[in-house]
Structure formats: structure tokens, C-alpha cells
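Shown next, in C-alpha cells, is the structure this report addresses.
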Amino acid sequence: MGPYLFNTHPWWSVVFWLSYAAVFAAVLWVARRERGQATGEIRDRGSRGVIYLATFIGLALAFAGPTIFPRARIGLLPVAVFGTAIAAIWFGTFLYVWAATTLGSFFRTTVQLLEGQALVTRGPYRLVRHPAYLGGILIFSGVGLATGNWFSFVACTLILFAGYARRIQVEEVALSERFGAAFAERKKRAWAVLPLVW
């Protein structure tokens with residue numbers, strides 16, 4: 001059945017791969033919504049490419065981890081680990097889609113300043129300033145955890161966190177330029193991505 005936790009039971013494998021497919025369906029749906037929308041002033045500074053690279057490396061390490069570091073197997077109750085992993089993947093996907101639909105036509109996969117753009121503080125944006133990125137971190141943490149390997153979990157989570165950290169740095173410079181004091185006040189009232197941490 002292979003070295004992965006999600007392969008230890010036939011139904012776990014089905015649940016994992018359906019969840020994995022749902023993530024990519026959600027990402028494609030969000031990207032498709034962006035087509036045909038007006039393009040604003042690009043301020044991305046290559047941050048989308050950084051996220052794509054982090055995604056590729058993170059997934060590669062997640063799936064390679066159990067083979068490279070078999071002794072890093074997570075020794076906790078398997079059903080609890082797997083259940084937590086799937087919950088993280090689905091909650092992360094939900095948060096990503098919720099963030100995208102809350103911003104509506106202003107949601108972009110690159111950093112752009114758009115005409116009519118408003119500082120949104122409703123929906124998931126009441127919780128954190130960048131809920132879509134929190135969703136991404138949860139998704140990849142869940143994938144790493146579903147392998148049942150500590151190395152996979154930590155590597156996938158940290159690499160995606162680093163990729164999103166770069167995006168947040170770039171995006172918040174643009175938001176500060178657009179919204180000035182209002183965004184400075186927003187930063188005082190809401191965490192960036194992880195409540196009580198950052």
C-alpha cells in the first residue's frame with residue numbers, strides 16, 4: 001500500500017485523493033473567475049511565481065518524506081491524524097473559496113491595484129487580513145499530515161508559509177499605498193494569517 005498513512009485503509013485513500021482533487025478544482029474555479037476581468041496596476045513583484053515554486057517544492061517534499069525519512073513517522077493515533085489532515089484540507093479549501101467569493105471581482109491571483117477597490121473587512125476578512133493564504137497553509141499542512149510523516153508535515157507547512165510570507169509582504173506594501181491610514185488601522189485590529197501568532 002506504500003509508505004503513506006492515507007494508504008493504510010482503502011477508504012482513506014479514496015477520501016484523500018477526492019479531497020486533493022477538490023483543492024485543485026477550487027483553485028481552477030477561482031482562476032477561471034479571474035479571466036476577462038479588468039487588469040489593474042500590477043504590483044506582484046514575482047510573488048505569484050514564488051507561491052507556485054513553494055507549492056511544487058512543498059508537495060514534492062510531502063510525498064517524498066515517508067521514503068526519505070521513514071523514521072519520522074507520526075506515532076499518534078492514525079485515525080486522529082488522518083481525520084485532522086482531511087479536516088485541514090477541507091477547511092482550508094472552504095476558507096480559500098470563501099475569501100475569493102467575498103472579494104468577488106476584485107480577487108486576483110497576482111497583486112494588483114484596481115479601480116474601485118475597497119478595503120474589505122467582512123466575511124473571513126473579519127478574522128484575518130489574508131484568509132485565502134491561511135486557507136492555502138491549512139491545505140498543504142493537511143496534505144503533509146495525511147502522509148503520516150513529521151518531515152512531510154513540517155516541510156510542506158513551512159515552505160508554503162515562506163511563500164505566502166513573501167506574497168503578504170508585497171501585498172501589504174500595495175495595500176498601504178492604496179488605503180493609507182485605514183490599512184494601518186486594519187493591521188492593528190486583525191492578524192495577518194495566524195491569530196495570536198502573526
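Letters A, B, ... go to the chains of the C-alpha cells in the order shown; residues in each chain start at 1; ligands are counted from 1 in the same order.
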
With a cut-off of 10 Å, could you pull out the residues of stretch 147-170 of chain A touching stretch 58-61 of chain A and give me the nearest pair of atoms for each, distance in Å to one decimal, using only C-alpha atoms, ordered by chain and ascending number, as JSON lines?
{"residue": "A:Phe151", "atom": "CA", "partner": "A:Leu61", "partner_atom": "CA", "distance": 8.2}
{"residue": "A:Ser152", "atom": "CA", "partner": "A:Leu61", "partner_atom": "CA", "distance": 6.0}
{"residue": "A:Phe153", "atom": "CA", "partner": "A:Leu61", "partner_atom": "CA", "distance": 9.0}
{"residue": "A:Val154", "atom": "CA", "partner": "A:Gly58", "partner_atom": "CA", "distance": 9.6}
{"residue": "A:Ala155", "atom": "CA", "partner": "A:Gly58", "partner_atom": "CA", "distance": 6.5}
{"residue": "A:Cys156", "atom": "CA", "partner": "A:Gly58", "partner_atom": "CA", "distance": 4.3}
{"residue": "A:Thr157", "atom": "CA", "partner": "A:Gly58", "partner_atom": "CA", "distance": 7.4}
{"residue": "A:Leu158", "atom": "CA", "partner": "A:Gly58", "partner_atom": "CA", "distance": 8.3}
{"residue": "A:Ile159", "atom": "CA", "partner": "A:Gly58", "partner_atom": "CA", "distance": 5.8}
{"residue": "A:Leu160", "atom": "CA", "partner": "A:Gly58", "partner_atom": "CA", "distance": 6.5}
{"residue": "A:Phe161", "atom": "CA", "partner": "A:Gly58", "partner_atom": "CA", "distance": 9.9}
{"residue": "A:Gly163", "atom": "CA", "partner": "A:Gly58", "partner_atom": "CA", "distance": 9.9}

Open item on the list: Which residues are close to A:Tyr96, i.e. within 6 Å by only C-alpha atoms, leaving aside same-chain residues fewer than 3 positions away? Reply as a ChimeraX atom specification.
Closed with: /A:93,99,132,135

TODO: Just list the residues in stretch 5-167 of chain A DSSP gives helix (DSSP H, G or I) on the backbone, as an NGL selection string.
DONE: :A and (5-7 or 10-34 or 47-68 or 70-72 or 78-106 or 123-126 or 131-146 or 150-167)

Using the selection just defined, write its residues with C-alpha atoms as a compact mmCIF listing (two decimals), in the first residue's frame.
# COMPACT_ATOMS: atom_id res chain seq x y z
CA LEU A 5 -0.81 6.99 6.14
CA PHE A 6 -3.65 7.70 3.70
CA ASN A 7 -2.91 4.35 2.00
CA PRO A 10 -8.69 1.67 1.14
CA TRP A 11 -11.35 4.24 2.02
CA TRP A 12 -8.75 6.61 3.46
CA SER A 13 -7.03 6.62 0.09
CA VAL A 14 -10.31 7.42 -1.68
CA VAL A 15 -11.10 10.23 0.77
CA PHE A 16 -7.60 11.69 0.48
CA TRP A 17 -7.50 11.75 -3.33
CA LEU A 18 -11.03 13.14 -3.60
CA SER A 19 -10.03 15.88 -1.16
CA TYR A 20 -6.85 16.53 -3.14
CA ALA A 21 -8.88 16.78 -6.35
CA ALA A 22 -11.34 19.16 -4.68
CA VAL A 23 -8.48 21.52 -3.83
CA PHE A 24 -7.37 21.73 -7.46
CA ALA A 25 -10.97 22.09 -8.65
CA ALA A 26 -11.38 25.04 -6.29
CA VAL A 27 -8.12 26.64 -7.44
CA LEU A 28 -9.08 26.24 -11.10
CA TRP A 29 -12.55 27.66 -10.43
CA VAL A 30 -11.08 30.73 -8.74
CA ALA A 31 -8.55 31.23 -11.56
CA ARG A 32 -11.31 30.90 -14.17
CA ARG A 33 -13.36 33.61 -12.44
CA GLU A 34 -10.42 35.97 -12.94
CA SER A 47 5.27 36.77 -5.68
CA ARG A 48 2.87 34.53 -7.63
CA GLY A 49 5.87 32.68 -9.04
CA VAL A 50 7.25 32.29 -5.51
CA ILE A 51 3.97 30.72 -4.39
CA TYR A 52 3.94 28.34 -7.38
CA LEU A 53 7.54 27.32 -6.63
CA ALA A 54 6.77 26.82 -2.94
CA THR A 55 3.75 24.71 -3.89
CA PHE A 56 5.82 22.46 -6.15
CA ILE A 57 8.65 22.03 -3.63
CA GLY A 58 6.26 21.59 -0.71
CA LEU A 59 4.25 18.85 -2.41
CA ALA A 60 7.41 17.12 -3.65
CA LEU A 61 8.83 17.01 -0.12
CA ALA A 62 5.49 15.96 1.35
CA PHE A 63 5.25 12.91 -0.89
CA ALA A 64 8.96 12.10 -0.72
CA GLY A 65 9.20 12.46 3.07
CA PRO A 66 7.99 8.96 4.10
CA THR A 67 10.53 7.37 1.75
CA ILE A 68 13.45 9.67 2.61
CA PRO A 70 10.80 6.70 7.29
CA ARG A 71 11.76 7.10 10.96
CA ALA A 72 9.88 10.39 11.08
CA PRO A 78 -3.66 7.06 12.99
CA VAL A 79 -7.39 7.76 12.74
CA ALA A 80 -6.94 11.03 14.65
CA VAL A 81 -4.01 12.10 12.45
CA PHE A 82 -5.85 11.26 9.24
CA GLY A 83 -9.06 12.90 10.41
CA THR A 84 -7.20 16.07 11.35
CA ALA A 85 -5.43 16.09 7.97
CA ILE A 86 -8.65 15.80 5.97
CA ALA A 87 -10.36 18.42 8.13
CA ALA A 88 -7.45 20.82 7.50
CA ILE A 89 -7.62 20.24 3.73
CA TRP A 90 -11.37 20.85 3.55
CA PHE A 91 -11.43 23.79 5.93
CA GLY A 92 -8.53 25.36 4.04
CA THR A 93 -10.35 24.87 0.74
CA PHE A 94 -13.53 26.36 2.17
CA LEU A 95 -11.61 29.36 3.53
CA TYR A 96 -9.89 29.93 0.17
CA VAL A 97 -13.17 29.86 -1.76
CA TRP A 98 -14.92 31.99 0.87
CA ALA A 99 -12.17 34.62 0.64
CA ALA A 100 -12.36 34.65 -3.16
CA THR A 101 -16.16 34.98 -3.27
CA THR A 102 -16.13 37.67 -0.58
CA LEU A 103 -13.81 39.83 -2.70
CA GLY A 104 -15.81 38.96 -5.81
CA SER A 105 -14.49 40.57 -8.98
CA PHE A 106 -11.62 42.16 -7.04
CA GLY A 123 -16.67 37.53 5.88
CA PRO A 124 -13.38 35.73 6.54
CA TYR A 125 -11.61 39.08 6.44
CA ARG A 126 -13.08 39.78 9.87
CA PRO A 131 -7.75 34.39 4.80
CA ALA A 132 -7.02 32.89 1.36
CA TYR A 133 -3.39 32.41 2.36
CA LEU A 134 -4.39 30.88 5.67
CA GLY A 135 -6.54 28.51 3.64
CA GLY A 136 -3.54 27.59 1.49
CA ILE A 137 -1.36 26.91 4.53
CA LEU A 138 -4.06 24.68 6.05
CA ILE A 139 -4.46 22.74 2.80
CA PHE A 140 -0.77 21.94 2.49
CA SER A 141 -0.40 21.22 6.19
CA GLY A 142 -3.21 18.72 5.75
CA VAL A 143 -1.52 17.07 2.78
CA GLY A 144 1.73 16.75 4.71
CA LEU A 145 -0.07 15.36 7.74
CA ALA A 146 -2.00 12.83 5.63
CA TRP A 150 6.58 14.57 10.59
CA PHE A 151 9.13 15.65 7.98
CA SER A 152 6.44 15.84 5.29
CA PHE A 153 4.13 17.82 7.55
CA VAL A 154 6.74 20.33 8.75
CA ALA A 155 8.48 20.78 5.38
CA CYS A 156 5.26 21.29 3.43
CA THR A 157 3.84 23.70 6.01
CA LEU A 158 7.00 25.80 6.42
CA ILE A 159 7.76 26.07 2.71
CA LEU A 160 4.22 27.22 1.90
CA PHE A 161 4.30 29.58 4.86
CA ALA A 162 7.51 31.12 3.49
CA GLY A 163 5.97 31.50 0.04
CA TYR A 164 2.89 33.22 1.42
CA ALA A 165 5.02 35.40 3.71
CA ARG A 166 6.71 36.86 0.63
CA ARG A 167 3.31 37.46 -1.02

- [ ] Tell me, as a ChimeraX atom specification, which residues lie within 10 Å of A:Glu41, counting only C-alpha atoms; anything in the same chain fewer than 3 positions away does not count.
- [x] /A:44,111-115,174

Writing out the chosen residues with all heavy atoms as a PDB file, in the first residue's frame:
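Produced file result-v5.pdb, reproduced below:
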ATOM      1  N   ASP A  44       2.914  42.821  -8.326  1.00  0.00           N
ATOM      2  CA  ASP A  44       3.163  41.459  -7.855  1.00  0.00           C
ATOM      3  C   ASP A  44       4.615  41.175  -7.479  1.00  0.00           C
ATOM      4  O   ASP A  44       4.881  40.379  -6.588  1.00  0.00           O
ATOM      5  CB  ASP A  44       2.705  40.454  -8.914  1.00  0.00           C
ATOM      6  CG  ASP A  44       2.592  39.056  -8.357  1.00  0.00           C
ATOM      7  OD1 ASP A  44       1.685  38.812  -7.551  1.00  0.00           O
ATOM      8  OD2 ASP A  44       3.434  38.217  -8.710  1.00  0.00           O
ATOM      9  N   VAL A 111      -0.826  40.409  -7.297  1.00  0.00           N
ATOM     10  CA  VAL A 111      -1.081  41.639  -6.553  1.00  0.00           C
ATOM     11  C   VAL A 111      -1.346  42.760  -7.555  1.00  0.00           C
ATOM     12  O   VAL A 111      -0.489  43.084  -8.374  1.00  0.00           O
ATOM     13  CB  VAL A 111       0.108  42.003  -5.646  1.00  0.00           C
ATOM     14  CG1 VAL A 111      -0.161  43.321  -4.920  1.00  0.00           C
ATOM     15  CG2 VAL A 111       0.374  40.885  -4.651  1.00  0.00           C
ATOM     16  N   GLN A 112      -2.553  43.317  -7.489  1.00  0.00           N
ATOM     17  CA  GLN A 112      -2.937  44.400  -8.395  1.00  0.00           C
ATOM     18  C   GLN A 112      -3.699  45.476  -7.629  1.00  0.00           C
ATOM     19  O   GLN A 112      -4.432  45.177  -6.678  1.00  0.00           O
ATOM     20  CB  GLN A 112      -3.854  43.872  -9.516  1.00  0.00           C
ATOM     21  CG  GLN A 112      -3.240  42.822 -10.406  1.00  0.00           C
ATOM     22  CD  GLN A 112      -4.203  42.373 -11.492  1.00  0.00           C
ATOM     23  OE1 GLN A 112      -5.039  43.145 -11.958  1.00  0.00           O
ATOM     24  NE2 GLN A 112      -4.088  41.117 -11.898  1.00  0.00           N
ATOM     25  N   LEU A 113      -3.507  46.719  -8.057  1.00  0.00           N
ATOM     26  CA  LEU A 113      -4.322  47.826  -7.567  1.00  0.00           C
ATOM     27  C   LEU A 113      -5.382  48.094  -8.621  1.00  0.00           C
ATOM     28  O   LEU A 113      -5.061  48.351  -9.789  1.00  0.00           O
ATOM     29  CB  LEU A 113      -3.458  49.069  -7.332  1.00  0.00           C
ATOM     30  CG  LEU A 113      -2.412  48.936  -6.221  1.00  0.00           C
ATOM     31  CD1 LEU A 113      -1.597  50.218  -6.100  1.00  0.00           C
ATOM     32  CD2 LEU A 113      -3.067  48.592  -4.886  1.00  0.00           C
ATOM     33  N   LEU A 114      -6.653  48.005  -8.221  1.00  0.00           N
ATOM     34  CA  LEU A 114      -7.769  48.050  -9.161  1.00  0.00           C
ATOM     35  C   LEU A 114      -8.659  49.264  -8.914  1.00  0.00           C
ATOM     36  O   LEU A 114      -8.797  49.734  -7.779  1.00  0.00           O
ATOM     37  CB  LEU A 114      -8.611  46.778  -9.025  1.00  0.00           C
ATOM     38  CG  LEU A 114      -7.876  45.463  -9.313  1.00  0.00           C
ATOM     39  CD1 LEU A 114      -8.588  44.314  -8.644  1.00  0.00           C
ATOM     40  CD2 LEU A 114      -7.770  45.231 -10.808  1.00  0.00           C
ATOM     41  N   GLU A 115      -9.280  49.729  -9.985  1.00  0.00           N
ATOM     42  CA  GLU A 115     -10.234  50.826  -9.863  1.00  0.00           C
ATOM     43  C   GLU A 115     -11.436  50.381  -9.029  1.00  0.00           C
ATOM     44  O   GLU A 115     -11.978  49.291  -9.227  1.00  0.00           O
ATOM     45  CB  GLU A 115     -10.724  51.252 -11.246  1.00  0.00           C
ATOM     46  CG  GLU A 115      -9.731  52.090 -12.028  1.00  0.00           C
ATOM     47  CD  GLU A 115      -9.482  53.444 -11.380  1.00  0.00           C
ATOM     48  OE1 GLU A 115     -10.438  54.024 -10.806  1.00  0.00           O
ATOM     49  OE2 GLU A 115      -8.330  53.909 -11.432  1.00  0.00           O
ATOM     50  N   ALA A 174       1.443  47.323  -1.206  1.00  0.00           N
ATOM     51  CA  ALA A 174       0.457  47.873  -2.148  1.00  0.00           C
ATOM     52  C   ALA A 174      -0.795  48.352  -1.426  1.00  0.00           C
ATOM     53  O   ALA A 174      -1.335  49.424  -1.734  1.00  0.00           O
ATOM     54  CB  ALA A 174       0.097  46.815  -3.195  1.00  0.00           C
TER      55      ALA A 174
END

Open item on the list: Residues within 10 Å of A:Arg186, please, as a ChimeraX atom specification. Count only C-alpha atoms; anything in the same chain fewer than 4 positions from it doesn't count.
Closed with: /A:119-121,128-129,179,181-182,190-192

Keeping all heavy atoms, export the residues of the selection given above as a PDB file, in the first residue's frame.
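Result file is selection.pdb:
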ATOM      1  N   LEU A 119     -11.366  48.383   0.898  1.00  0.00           N
ATOM      2  CA  LEU A 119     -10.725  47.611   1.959  1.00  0.00           C
ATOM      3  C   LEU A 119     -11.793  46.748   2.621  1.00  0.00           C
ATOM      4  O   LEU A 119     -12.660  47.249   3.336  1.00  0.00           O
ATOM      5  CB  LEU A 119     -10.078  48.550   2.975  1.00  0.00           C
ATOM      6  CG  LEU A 119      -9.249  47.893   4.091  1.00  0.00           C
ATOM      7  CD1 LEU A 119      -8.111  47.060   3.514  1.00  0.00           C
ATOM      8  CD2 LEU A 119      -8.717  48.953   5.035  1.00  0.00           C
ATOM      9  N   VAL A 120     -11.756  45.445   2.350  1.00  0.00           N
ATOM     10  CA  VAL A 120     -12.812  44.527   2.803  1.00  0.00           C
ATOM     11  C   VAL A 120     -12.505  44.005   4.203  1.00  0.00           C
ATOM     12  O   VAL A 120     -11.400  43.528   4.475  1.00  0.00           O
ATOM     13  CB  VAL A 120     -12.955  43.357   1.810  1.00  0.00           C
ATOM     14  CG1 VAL A 120     -13.967  42.340   2.316  1.00  0.00           C
ATOM     15  CG2 VAL A 120     -13.361  43.884   0.437  1.00  0.00           C
ATOM     16  N   THR A 121     -13.498  44.091   5.083  1.00  0.00           N
ATOM     17  CA  THR A 121     -13.332  43.603   6.461  1.00  0.00           C
ATOM     18  C   THR A 121     -14.487  42.684   6.861  1.00  0.00           C
ATOM     19  O   THR A 121     -14.691  42.424   8.042  1.00  0.00           O
ATOM     20  CB  THR A 121     -13.241  44.787   7.443  1.00  0.00           C
ATOM     21  OG1 THR A 121     -14.427  45.580   7.329  1.00  0.00           O
ATOM     22  CG2 THR A 121     -12.024  45.648   7.160  1.00  0.00           C
ATOM     23  N   VAL A 128      -8.919  37.416   9.781  1.00  0.00           N
ATOM     24  CA  VAL A 128      -7.516  37.707   9.467  1.00  0.00           C
ATOM     25  C   VAL A 128      -7.463  38.577   8.216  1.00  0.00           C
ATOM     26  O   VAL A 128      -8.426  38.645   7.455  1.00  0.00           O
ATOM     27  CB  VAL A 128      -6.681  36.415   9.243  1.00  0.00           C
ATOM     28  CG1 VAL A 128      -6.500  35.628  10.531  1.00  0.00           C
ATOM     29  CG2 VAL A 128      -7.304  35.546   8.161  1.00  0.00           C
ATOM     30  N   ARG A 129      -6.309  39.217   7.984  1.00  0.00           N
ATOM     31  CA  ARG A 129      -6.194  40.092   6.816  1.00  0.00           C
ATOM     32  C   ARG A 129      -6.060  39.312   5.517  1.00  0.00           C
ATOM     33  O   ARG A 129      -6.387  39.817   4.446  1.00  0.00           O
ATOM     34  CB  ARG A 129      -4.975  41.022   6.982  1.00  0.00           C
ATOM     35  CG  ARG A 129      -5.060  41.905   8.204  1.00  0.00           C
ATOM     36  CD  ARG A 129      -4.085  43.063   8.162  1.00  0.00           C
ATOM     37  NE  ARG A 129      -2.689  42.713   8.023  1.00  0.00           N
ATOM     38  CZ  ARG A 129      -1.867  42.465   9.034  1.00  0.00           C
ATOM     39  NH1 ARG A 129      -2.325  42.463  10.293  1.00  0.00           N
ATOM     40  NH2 ARG A 129      -0.588  42.209   8.816  1.00  0.00           N
ATOM     41  N   PHE A 179      -4.602  52.370   0.640  1.00  0.00           N
ATOM     42  CA  PHE A 179      -5.561  52.711   1.688  1.00  0.00           C
ATOM     43  C   PHE A 179      -4.968  53.496   2.861  1.00  0.00           C
ATOM     44  O   PHE A 179      -5.715  53.933   3.737  1.00  0.00           O
ATOM     45  CB  PHE A 179      -6.232  51.428   2.206  1.00  0.00           C
ATOM     46  CG  PHE A 179      -6.995  50.700   1.143  1.00  0.00           C
ATOM     47  CD1 PHE A 179      -6.544  49.484   0.662  1.00  0.00           C
ATOM     48  CD2 PHE A 179      -8.154  51.234   0.606  1.00  0.00           C
ATOM     49  CE1 PHE A 179      -7.242  48.804  -0.324  1.00  0.00           C
ATOM     50  CE2 PHE A 179      -8.861  50.563  -0.386  1.00  0.00           C
ATOM     51  CZ  PHE A 179      -8.405  49.354  -0.853  1.00  0.00           C
ATOM     52  N   ALA A 181      -3.890  55.260   6.007  1.00  0.00           N
ATOM     53  CA  ALA A 181      -4.185  55.156   7.438  1.00  0.00           C
ATOM     54  C   ALA A 181      -5.221  54.086   7.741  1.00  0.00           C
ATOM     55  O   ALA A 181      -5.171  53.436   8.792  1.00  0.00           O
ATOM     56  CB  ALA A 181      -4.652  56.513   7.961  1.00  0.00           C
ATOM     57  N   ALA A 182      -6.174  53.892   6.817  1.00  0.00           N
ATOM     58  CA  ALA A 182      -7.210  52.878   7.038  1.00  0.00           C
ATOM     59  C   ALA A 182      -6.594  51.484   7.124  1.00  0.00           C
ATOM     60  O   ALA A 182      -6.994  50.668   7.965  1.00  0.00           O
ATOM     61  CB  ALA A 182      -8.250  52.930   5.920  1.00  0.00           C
ATOM     62  N   ALA A 190      -6.397  43.287  13.176  1.00  0.00           N
ATOM     63  CA  ALA A 190      -6.527  41.912  12.662  1.00  0.00           C
ATOM     64  C   ALA A 190      -5.155  41.312  12.398  1.00  0.00           C
ATOM     65  O   ALA A 190      -4.249  41.992  11.911  1.00  0.00           O
ATOM     66  CB  ALA A 190      -7.362  41.899  11.384  1.00  0.00           C
ATOM     67  N   TRP A 191      -5.005  40.039  12.732  1.00  0.00           N
ATOM     68  CA  TRP A 191      -3.763  39.321  12.451  1.00  0.00           C
ATOM     69  C   TRP A 191      -3.623  39.121  10.949  1.00  0.00           C
ATOM     70  O   TRP A 191      -4.614  39.104  10.220  1.00  0.00           O
ATOM     71  CB  TRP A 191      -3.765  37.968  13.160  1.00  0.00           C
ATOM     72  CG  TRP A 191      -3.848  38.083  14.645  1.00  0.00           C
ATOM     73  CD1 TRP A 191      -4.977  38.088  15.414  1.00  0.00           C
ATOM     74  CD2 TRP A 191      -2.745  38.249  15.545  1.00  0.00           C
ATOM     75  NE1 TRP A 191      -4.644  38.237  16.744  1.00  0.00           N
ATOM     76  CE2 TRP A 191      -3.292  38.333  16.853  1.00  0.00           C
ATOM     77  CE3 TRP A 191      -1.368  38.335  15.382  1.00  0.00           C
ATOM     78  CZ2 TRP A 191      -2.495  38.491  17.982  1.00  0.00           C
ATOM     79  CZ3 TRP A 191      -0.563  38.497  16.509  1.00  0.00           C
ATOM     80  CH2 TRP A 191      -1.124  38.576  17.793  1.00  0.00           C
ATOM     81  N   ALA A 192      -2.393  38.924  10.495  1.00  0.00           N
ATOM     82  CA  ALA A 192      -2.154  38.714   9.066  1.00  0.00           C
ATOM     83  C   ALA A 192      -2.733  37.388   8.589  1.00  0.00           C
ATOM     84  O   ALA A 192      -3.616  37.354   7.721  1.00  0.00           O
ATOM     85  CB  ALA A 192      -0.656  38.790   8.759  1.00  0.00           C
TER      86      ALA A 192
END

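The smallest atom-to-atom distance between A:Phe107 and any of A:Gly46, A:Gln37, A:Glu172, A:Leu77, using only C-alpha atoms, is found for A:Gln37.
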
- [ ] Using only C-alpha atoms, pick whichever of A:Phe183, A:Gly148, A:Ser176, A:Val197 has the shortest atom-to-atom distance to A:Arg73.
- [x] A:Gly148
